[in-house]
Every structure is written in C-alpha cells, then in structure tokens.
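Below: one structure, written as structure tokens.
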Amino acid sequence: MEWENAEDIKYKLENILKILDFKHINLNRVFCYRTYGSKSRAYARTWAFPKVFQQALNIEAAYVIEVLSQYFDRLDEDKKTKVLIHELLHIPKNFSGALVPHRTRHQNIGQAVSKLYKEYKRKTKEI
C-alpha cells in the first residue's frame, strides 16, 4: 500500500469546518492522506491516536483522515463532501484521540451526515 499527503482533502475539510459547527476540531491536529492499493472497500477512514500513546509520547491528540483513492477519487464533489462530513463526525466533541462509533444512544452518523450536508448546501448558497 502506498500513501501521500492529501492537501486537497485538508482544504476541503477547512471549507467544511468554516461552514458547519465543528468548533471542537483542531484542524492543525488532523492529518490527511490519500492511499493507493488498500484492500479495504471504504471510501475513507478516520484513524485515532489513543490516549495511552499520547501520554507515552507526550503529544496532543491527533487524527488521520485517509481517503482511499480507488473509491473516493471517483465520487462527485457532493458525495466527497458527504464522506468527509461522515469522517469528521467520528471525532468526539472533546477531541480526545478516541473515535465516535457509527451508532450511539444519542446519534446515528448516517442520519447526522444527511442533516449536516443539507445545512452545508444551504449555507454555501447563502455565501
């Protein structure tokens, strides 16, 4: 598997964060990569940096958002935006290095993506 820094994804995340209310996300601690040759069938994945590693290495929480080129790059811009919103929803409000699962008692990420994407589209039309 090969990977490369994905500045285009970082730029898209920056735009999403400007429009939607994700104030808890420190984009300086979110790293974006594009991978080639993965066996996964996902469009993208969010990787956490668990607390035990943060403490052992004495560094802050961080996340990696990986887009899998063979699937993600084929999507239209609207679907790419939805996928990135989905990945951002995996980052908890306390930006701890943990991950939010797809379903909790309080949230279903799939439903939240639809709602936030509509808000994103509405707000981008206003700009």
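Each chain in the structure tokens gets a letter, A, B and so on, in the order shown; residues start at 1 in every chain, and ligands are counted from 1 in the order they appear.
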
Given only C-alpha atoms, how would the per-residue table for region 22-51 of chain A near region 83-106 of chain A read, listing every residue at most 8 Å away with its closest atom pair and distance in Å to one decimal, sorted by chain and number, as JSON lines?
```
{"residue": "A:His24", "atom": "CA", "partner": "A:Lys93", "partner_atom": "CA", "distance": 5.6}
{"residue": "A:Ile25", "atom": "CA", "partner": "A:Phe95", "partner_atom": "CA", "distance": 6.5}
{"residue": "A:Asn26", "atom": "CA", "partner": "A:Phe95", "partner_atom": "CA", "distance": 7.8}
{"residue": "A:Tyr43", "atom": "CA", "partner": "A:Val83", "partner_atom": "CA", "distance": 7.3}
{"residue": "A:Ala44", "atom": "CA", "partner": "A:Val83", "partner_atom": "CA", "distance": 7.1}
{"residue": "A:Arg45", "atom": "CA", "partner": "A:Glu87", "partner_atom": "CA", "distance": 6.7}
{"residue": "A:Thr46", "atom": "CA", "partner": "A:Glu87", "partner_atom": "CA", "distance": 5.9}
{"residue": "A:Trp47", "atom": "CA", "partner": "A:Leu99", "partner_atom": "CA", "distance": 8.0}
{"residue": "A:Ala48", "atom": "CA", "partner": "A:Gly97", "partner_atom": "CA", "distance": 5.3}
{"residue": "A:Phe49", "atom": "CA", "partner": "A:Gly97", "partner_atom": "CA", "distance": 4.8}
{"residue": "A:Pro50", "atom": "CA", "partner": "A:Gly97", "partner_atom": "CA", "distance": 5.1}
{"residue": "A:Lys51", "atom": "CA", "partner": "A:Gly97", "partner_atom": "CA", "distance": 6.2}
```

request  = Tell me, as a PyMOL selection string, which residues lie within 12 Å of Lys39 (chain A), counting only C-alpha atoms; anything in the same chain fewer than 2 positions away does not count.
outcome  = chain A and resi 1-2+35-37+41-43+68-71

Which of chain A fall in strand (DSSP E), as number ranges by chain = A: 2-5, 30-36, 44-48, 63-68

Please produce a file of the residues just selected, as a CSV table (one decimal), in the first residue's frame, where the atoms kept are C-alpha atoms.
```csv
chain,number,residue,atom,x,y,z
A,2,GLU,CA,1.2,3.5,-0.8
A,3,TRP,CA,0.2,6.8,0.7
A,4,GLU,CA,0.7,10.5,0.1
A,5,ASN,CA,-0.1,13.7,1.9
A,30,VAL,CA,-5.9,16.5,11.7
A,31,PHE,CA,-3.7,15.0,9.1
A,32,CYS,CA,-4.9,13.9,5.7
A,33,TYR,CA,-3.6,11.2,3.5
A,34,ARG,CA,-4.6,9.5,0.2
A,35,THR,CA,-3.8,5.8,-0.1
A,36,TYR,CA,-3.4,3.6,-3.1
A,44,ALA,CA,-12.4,6.9,3.6
A,45,ARG,CA,-11.3,6.1,7.2
A,46,THR,CA,-10.6,8.1,10.3
A,47,TRP,CA,-7.7,6.9,12.5
A,48,ALA,CA,-7.4,7.9,16.1
A,63,TYR,CA,-6.4,12.2,13.9
A,64,VAL,CA,-5.6,11.0,10.4
A,65,ILE,CA,-8.3,11.1,7.7
A,66,GLU,CA,-7.4,8.7,5.0
A,67,VAL,CA,-9.2,8.7,1.6
A,68,LEU,CA,-8.8,5.6,-0.4
```

Contact residues around region 114-123 of chain A with only C-alpha atoms at 12 Å, ignoring same-chain residues under 4 positions, as a PyMOL selection string = chain A and resi 15-22+77-86+88-89+107-110+127

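A straight line drawn from CA of Phe72 (chain A) to CA of Leu27 (chain A) is 20.6 Å long.
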
request  = Just the helix (DSSP H, G or I) stuff from chain A, please, per backbone DSSP, written as a PyMOL selection string.
outcome  = chain A and resi 7-19+27-29+51-57+69-72+77-89+109-126

If you keep C-alpha atoms, can you produce a file of those selected residues as a JSON list (two decimals), in the first residue's frame?
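Final file, again-v2.json:
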```json
[["chain", "number", "residue", "atom", "x", "y", "z"],
["A", 7, "GLU", "CA", -3.54, 18.75, 0.89],
["A", 8, "ASP", "CA", -6.69, 18.85, -1.29],
["A", 9, "ILE", "CA", -8.56, 16.92, 1.41],
["A", 10, "LYS", "CA", -7.23, 19.23, 4.12],
["A", 11, "TYR", "CA", -8.51, 22.19, 2.07],
["A", 12, "LYS", "CA", -11.96, 20.57, 1.69],
["A", 13, "LEU", "CA", -12.08, 19.90, 5.44],
["A", 14, "GLU", "CA", -11.15, 23.52, 6.12],
["A", 15, "ASN", "CA", -14.08, 24.67, 3.97],
["A", 16, "ILE", "CA", -16.49, 22.28, 5.66],
["A", 17, "LEU", "CA", -15.34, 23.42, 9.11],
["A", 18, "LYS", "CA", -15.85, 27.08, 8.18],
["A", 19, "ILE", "CA", -19.46, 26.40, 7.22],
["A", 27, "LEU", "CA", -7.56, 21.14, 12.08],
["A", 28, "ASN", "CA", -3.88, 21.58, 12.93],
["A", 29, "ARG", "CA", -4.06, 18.14, 14.59],
["A", 51, "LYS", "CA", -4.67, 8.37, 25.00],
["A", 52, "VAL", "CA", -2.08, 5.77, 26.01],
["A", 53, "PHE", "CA", 0.13, 6.72, 23.03],
["A", 54, "GLN", "CA", -0.44, 10.43, 23.66],
["A", 55, "GLN", "CA", 0.79, 10.02, 27.22],
["A", 56, "ALA", "CA", 3.66, 7.68, 26.35],
["A", 57, "LEU", "CA", 4.97, 10.03, 23.66],
["A", 69, "SER", "CA", -8.04, 6.79, -3.92],
["A", 70, "GLN", "CA", -9.58, 3.92, -5.86],
["A", 71, "TYR", "CA", -13.05, 4.72, -4.46],
["A", 72, "PHE", "CA", -13.01, 8.27, -3.11],
["A", 77, "GLU", "CA", -17.98, 16.59, -5.28],
["A", 78, "ASP", "CA", -21.25, 16.29, -3.35],
["A", 79, "LYS", "CA", -20.54, 12.70, -2.36],
["A", 80, "LYS", "CA", -16.96, 13.58, -1.42],
["A", 81, "THR", "CA", -18.31, 16.28, 0.88],
["A", 82, "LYS", "CA", -20.72, 13.80, 2.49],
["A", 83, "VAL", "CA", -17.92, 11.29, 3.05],
["A", 84, "LEU", "CA", -15.72, 13.94, 4.68],
["A", 85, "ILE", "CA", -18.58, 15.11, 6.92],
["A", 86, "HIS", "CA", -19.06, 11.46, 7.91],
["A", 87, "GLU", "CA", -15.38, 11.16, 8.82],
["A", 88, "LEU", "CA", -15.46, 14.39, 10.86],
["A", 89, "LEU", "CA", -18.40, 13.01, 12.85],
["A", 109, "ILE", "CA", -23.76, 9.13, 11.98],
["A", 110, "GLY", "CA", -25.64, 8.27, 8.78],
["A", 111, "GLN", "CA", -28.62, 10.41, 9.77],
["A", 112, "ALA", "CA", -26.36, 13.19, 11.04],
["A", 113, "VAL", "CA", -24.49, 13.30, 7.70],
["A", 114, "SER", "CA", -27.74, 13.87, 5.79],
["A", 115, "LYS", "CA", -28.81, 16.67, 8.11],
["A", 116, "LEU", "CA", -25.40, 18.37, 8.11],
["A", 117, "TYR", "CA", -25.00, 18.06, 4.36],
["A", 118, "LYS", "CA", -28.33, 19.84, 3.81],
["A", 119, "GLU", "CA", -27.17, 22.57, 6.18],
["A", 120, "TYR", "CA", -23.84, 22.77, 4.33],
["A", 121, "LYS", "CA", -25.56, 23.16, 0.95],
["A", 122, "ARG", "CA", -27.97, 25.78, 2.30],
["A", 123, "LYS", "CA", -25.18, 27.83, 3.86],
["A", 124, "THR", "CA", -22.94, 27.62, 0.77],
["A", 125, "LYS", "CA", -25.79, 29.07, -1.33],
["A", 126, "GLU", "CA", -26.02, 31.99, 1.11]]
```
